[in-house]
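Asker: One structure follows; several queries about it will come next.
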Amino acid sequence: MAKTYEEINEKIKSGKAVVVTAEEMIDIVRSDGAKKAAERVDVVTTATFGPMCSSGALLNTGHTRPRMNFKSATLNGVPAYCGIAAVDLYLGATAIPEDDPANRVFPGKFSYGGGHVIEDLIAGKEVVLRASSYGTHDYPRREIETRLTIADLNTATLLNPRNAYQNYNVAVNACARHPLYTYLGILRPGMANATYCSAGQLSPMLNDPMYRTIGIGTRIFLGGGTGYVIQHGTQHDPSVERTDKGVPKGGAGTVALMGDMKHMNARFIRGASFTGYGPSLSVGVGVPIPVLDEDIAQGCAITDADILAPVWDYSSDYPELKGKPLAMVSYAELRSGKIEVNGKTVETASLSSMPRAREIAKILKDWISKGDFLLGKPVETLPGPESGMNFKPLTERPVKRR
């Protein structure tokens, strides 16, 4: 018999809900079958923790005396976007300080960027704000330099356009004779290593492959606090080819997320640096999946052996946006430490932390079991394969010169 969000939330409130992590659900379905598992289990918690570049912070500093309309601003030397309103700022996770040498001395270290500022704010540290403007009658001030903490901000919102990718690439360097410095780490020549980034069988969107429960309004664990799915993420592509179990064979669904930074924990929001590429932000995301019926229970029993990821050559095909994957490998193979690509054994390494993801799934399980976290029923689920939505590359057209 199918359940409803309302019924499950009533069980959570009364302390009677049965909550398990996605990895625990695998064993339950294996031993009891999906039908009995659906009857027994009410909520499955999923999680991931890894670098997610498409992230940032929307900050309101409060008005200065006299008033000022920020037109350029930096936080600890990292530029923030000011084209919103007088004292609203958006700080991107991949922004770099104005005096950073970047890759002029290659490979650049990118030791501090927007993601590190976000971590520092959440950790309660002071940051230096510098801002300037051209001055107006109603906003006459032209400069400010001050120190502030997250407690001094009116609002601090983590606002991430694209997080929690549903599956992703495995990266190798098949052709270049030199190391490649990428957002998936350093790739050594001759396919000496392969890197990937996913929590696999614990990952949120792989446990809800057709987006039946994840959508606008879904309440989640975000960075140690409570957050929400506010939209499908940028580059959301549900049209990706799928396995017989509905699992996409590459990067597919994404989610846009929002949450109050003042209730987050720097253990689950960490600035990251990628040599030769740039800074980023490692984000902890946990999503509860209500077990409404047998099909959802079966989806939450996905294993690493069921998930296939494409191996892409980051020396040619990936940067040129051409070609095809060199191979398809399972997450069970990736986690073994070695994969086979074109007859060559390649060592693997993950940029996603499974211990931290398991910690998040356990915390979310405890919150729900104690009645401290209710499910948010989405007002609209994410666009699925039937929507016709797919991610397209930019079309270049000649520009007429006047």
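In the structure tokens, chains take the letters A, B, ... in the order shown, each chain's residues start at 1, and ligands count up from 1 in the order shown.
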Taking 6 positions as the minimum chain separation for residues in the same chain, which residues sit within 8 Å of range 36-47 of chain A when counting only C-alpha atoms? Answer as an MDAnalysis selection string.
Answerer: chainID A and resid 1 8 17:22 25 28:29 199 202:204 207 284:294 296:297 300 357:358 360:362 364:365
Asker: Neighbours of range 48-56 of chain A within 6 Å (only C-alpha atoms; same-chain residues fewer than 4 positions away dropped), as a list in words?
Answerer: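 Counting only C-alpha atoms, the residues come to Leu91, Gly92, Ala93, Leu158, Leu159, Asn160, Pro161, Arg162, Asn163, Ala199, Ser203, Ser280, Leu281, Ser282, Val283, Gly284, Val285, Ser352, Ser353 and Ala357 of chain A.
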Asker: Grab the residues selected above and save them as a PDB file, in the first residue's frame with N, CA, C and O atoms.
Answerer:
```pdb
ATOM      1  N   LEU A  91      29.052  36.127  -3.472  1.00  0.00           N
ATOM      2  CA  LEU A  91      30.433  35.662  -3.475  1.00  0.00           C
ATOM      3  C   LEU A  91      30.485  34.251  -4.056  1.00  0.00           C
ATOM      4  O   LEU A  91      29.963  33.311  -3.460  1.00  0.00           O
ATOM      5  N   GLY A  92      31.078  34.100  -5.216  1.00  0.00           N
ATOM      6  CA  GLY A  92      31.178  32.796  -5.862  1.00  0.00           C
ATOM      7  C   GLY A  92      32.291  31.949  -5.276  1.00  0.00           C
ATOM      8  O   GLY A  92      33.365  32.467  -4.915  1.00  0.00           O
ATOM      9  N   ALA A  93      32.075  30.659  -5.193  1.00  0.00           N
ATOM     10  CA  ALA A  93      33.053  29.756  -4.592  1.00  0.00           C
ATOM     11  C   ALA A  93      34.367  29.716  -5.357  1.00  0.00           C
ATOM     12  O   ALA A  93      35.422  29.464  -4.779  1.00  0.00           O
ATOM     13  N   LEU A 158      23.630  30.486   1.765  1.00  0.00           N
ATOM     14  CA  LEU A 158      24.325  29.664   0.786  1.00  0.00           C
ATOM     15  C   LEU A 158      23.362  29.449  -0.378  1.00  0.00           C
ATOM     16  O   LEU A 158      22.259  28.937  -0.191  1.00  0.00           O
ATOM     17  N   LEU A 159      23.753  29.878  -1.571  1.00  0.00           N
ATOM     18  CA  LEU A 159      22.876  29.831  -2.733  1.00  0.00           C
ATOM     19  C   LEU A 159      23.666  29.204  -3.878  1.00  0.00           C
ATOM     20  O   LEU A 159      24.474  29.857  -4.528  1.00  0.00           O
ATOM     21  N   ASN A 160      23.414  27.921  -4.093  1.00  0.00           N
ATOM     22  CA  ASN A 160      24.244  27.118  -4.996  1.00  0.00           C
ATOM     23  C   ASN A 160      23.476  26.731  -6.256  1.00  0.00           C
ATOM     24  O   ASN A 160      22.516  25.964  -6.193  1.00  0.00           O
ATOM     25  N   PRO A 161      23.874  27.228  -7.414  1.00  0.00           N
ATOM     26  CA  PRO A 161      23.129  26.945  -8.648  1.00  0.00           C
ATOM     27  C   PRO A 161      23.172  25.502  -9.129  1.00  0.00           C
ATOM     28  O   PRO A 161      22.249  25.050  -9.791  1.00  0.00           O
ATOM     29  N   ARG A 162      24.264  24.779  -8.808  1.00  0.00           N
ATOM     30  CA  ARG A 162      24.363  23.409  -9.329  1.00  0.00           C
ATOM     31  C   ARG A 162      25.150  22.535  -8.361  1.00  0.00           C
ATOM     32  O   ARG A 162      26.350  22.667  -8.246  1.00  0.00           O
ATOM     33  N   ASN A 163      24.453  21.648  -7.670  1.00  0.00           N
ATOM     34  CA  ASN A 163      25.087  20.748  -6.697  1.00  0.00           C
ATOM     35  C   ASN A 163      24.617  19.311  -6.905  1.00  0.00           C
ATOM     36  O   ASN A 163      23.648  19.047  -7.616  1.00  0.00           O
ATOM     37  N   ALA A 199      29.462   9.869  -4.279  1.00  0.00           N
ATOM     38  CA  ALA A 199      29.245   8.949  -3.162  1.00  0.00           C
ATOM     39  C   ALA A 199      28.601   7.653  -3.624  1.00  0.00           C
ATOM     40  O   ALA A 199      28.224   6.816  -2.792  1.00  0.00           O
ATOM     41  N   SER A 203      24.764   8.297  -2.814  1.00  0.00           N
ATOM     42  CA  SER A 203      24.515   9.608  -3.407  1.00  0.00           C
ATOM     43  C   SER A 203      23.022   9.881  -3.571  1.00  0.00           C
ATOM     44  O   SER A 203      22.262   9.024  -4.010  1.00  0.00           O
ATOM     45  N   SER A 280      37.533  26.064  -5.011  1.00  0.00           N
ATOM     46  CA  SER A 280      36.176  25.524  -5.067  1.00  0.00           C
ATOM     47  C   SER A 280      35.630  25.466  -3.648  1.00  0.00           C
ATOM     48  O   SER A 280      36.204  26.049  -2.720  1.00  0.00           O
ATOM     49  N   LEU A 281      34.534  24.762  -3.476  1.00  0.00           N
ATOM     50  CA  LEU A 281      33.908  24.593  -2.166  1.00  0.00           C
ATOM     51  C   LEU A 281      33.417  23.169  -2.037  1.00  0.00           C
ATOM     52  O   LEU A 281      32.663  22.687  -2.891  1.00  0.00           O
ATOM     53  N   SER A 282      33.858  22.477  -0.995  1.00  0.00           N
ATOM     54  CA  SER A 282      33.339  21.138  -0.718  1.00  0.00           C
ATOM     55  C   SER A 282      32.080  21.282   0.133  1.00  0.00           C
ATOM     56  O   SER A 282      32.101  21.939   1.179  1.00  0.00           O
ATOM     57  N   VAL A 283      30.991  20.680  -0.342  1.00  0.00           N
ATOM     58  CA  VAL A 283      29.673  20.868   0.263  1.00  0.00           C
ATOM     59  C   VAL A 283      29.120  19.531   0.745  1.00  0.00           C
ATOM     60  O   VAL A 283      29.175  18.533   0.019  1.00  0.00           O
ATOM     61  N   GLY A 284      28.583  19.532   1.952  1.00  0.00           N
ATOM     62  CA  GLY A 284      27.919  18.350   2.484  1.00  0.00           C
ATOM     63  C   GLY A 284      26.422  18.448   2.274  1.00  0.00           C
ATOM     64  O   GLY A 284      25.786  19.411   2.715  1.00  0.00           O
ATOM     65  N   VAL A 285      25.863  17.473   1.561  1.00  0.00           N
ATOM     66  CA  VAL A 285      24.437  17.460   1.239  1.00  0.00           C
ATOM     67  C   VAL A 285      23.838  16.127   1.670  1.00  0.00           C
ATOM     68  O   VAL A 285      24.387  15.060   1.358  1.00  0.00           O
ATOM     69  N   SER A 352      35.541  12.622  -3.603  1.00  0.00           N
ATOM     70  CA  SER A 352      34.384  12.655  -2.718  1.00  0.00           C
ATOM     71  C   SER A 352      34.700  11.816  -1.479  1.00  0.00           C
ATOM     72  O   SER A 352      35.257  10.726  -1.593  1.00  0.00           O
ATOM     73  N   SER A 353      34.358  12.342  -0.308  1.00  0.00           N
ATOM     74  CA  SER A 353      34.660  11.644   0.939  1.00  0.00           C
ATOM     75  C   SER A 353      33.507  10.734   1.363  1.00  0.00           C
ATOM     76  O   SER A 353      32.444  11.221   1.753  1.00  0.00           O
ATOM     77  N   ALA A 357      30.369  11.496   3.942  1.00  0.00           N
ATOM     78  CA  ALA A 357      29.006  11.269   3.444  1.00  0.00           C
ATOM     79  C   ALA A 357      28.239  10.348   4.386  1.00  0.00           C
ATOM     80  O   ALA A 357      27.056  10.579   4.674  1.00  0.00           O
TER      81      ALA A 357
END
```
Asker: Write out as a PyMOL selection string each polymer residue whose atoms come within 8 Å of Lys109 in chain A, counting only C-alpha atoms; drop sequence neighbours fewer than 6 positions from it.
Answerer: chain A and resi 102+273-276+278
Asker: Sort by chain and increasing residue number a table of all residues of range 329-368 of chain A within 9 Å of range 168-182 of chain A, each with its closest pair of atoms and their distance in Å to one decimal, counting only C-alpha atoms, and write it as JSON lines.
Answerer:
```
{"residue": "A:Val329", "atom": "CA", "partner": "A:Val170", "partner_atom": "CA", "distance": 8.6}
{"residue": "A:Leu334", "atom": "CA", "partner": "A:Val170", "partner_atom": "CA", "distance": 9.0}
{"residue": "A:Val346", "atom": "CA", "partner": "A:Val172", "partner_atom": "CA", "distance": 8.9}
```
Asker: Any idea what the distance is between CA of Tyr90 in chain A and CA of Ala151 in chain A?
Answerer: 17.3 Å
Asker: Among range 8-54 of chain A, which residues does DSSP mark as strand (DSSP E) when it is run on the backbone? Keep the chain and numbering as in the structure and answer as a short mmCIF file (atom, residue, chain, number, x, y, z; two decimals) with N, CA and C atoms, in the first residue's frame.
Answerer:
```cif
data_model
loop_
_atom_site.label_atom_id
_atom_site.label_comp_id
_atom_site.auth_asym_id
_atom_site.auth_seq_id
_atom_site.Cartn_x
_atom_site.Cartn_y
_atom_site.Cartn_z
N VAL A 19 13.64 4.79 10.01
CA VAL A 19 14.56 5.54 9.16
C VAL A 19 15.87 4.76 9.03
N VAL A 20 16.35 4.58 7.81
CA VAL A 20 17.61 3.88 7.58
C VAL A 20 18.42 4.67 6.56
N THR A 21 19.72 4.44 6.53
CA THR A 21 20.55 5.05 5.50
C THR A 21 20.43 4.24 4.21
N VAL A 43 11.66 6.18 5.68
CA VAL A 43 12.57 7.18 5.11
C VAL A 43 13.95 6.58 4.93
N VAL A 44 14.56 6.88 3.79
CA VAL A 44 15.95 6.50 3.52
C VAL A 44 16.78 7.78 3.42
N THR A 45 17.88 7.84 4.17
CA THR A 45 18.73 9.03 4.10
C THR A 45 19.91 8.78 3.16
N THR A 46 20.17 9.77 2.33
CA THR A 46 21.27 9.71 1.36
C THR A 46 22.19 10.90 1.62
N ALA A 47 23.41 10.84 1.10
CA ALA A 47 24.33 11.94 1.37
C ALA A 47 25.51 11.93 0.41
N THR A 48 26.14 13.09 0.31
CA THR A 48 27.39 13.21 -0.45
C THR A 48 28.19 14.37 0.14
N PHE A 49 29.51 14.29 -0.01
CA PHE A 49 30.38 15.38 0.43
C PHE A 49 31.55 15.46 -0.55
N GLY A 50 31.64 16.57 -1.27
CA GLY A 50 32.72 16.72 -2.24
C GLY A 50 32.71 18.11 -2.83
N PRO A 51 33.72 18.43 -3.64
CA PRO A 51 33.79 19.75 -4.25
C PRO A 51 32.65 19.99 -5.23
#
```
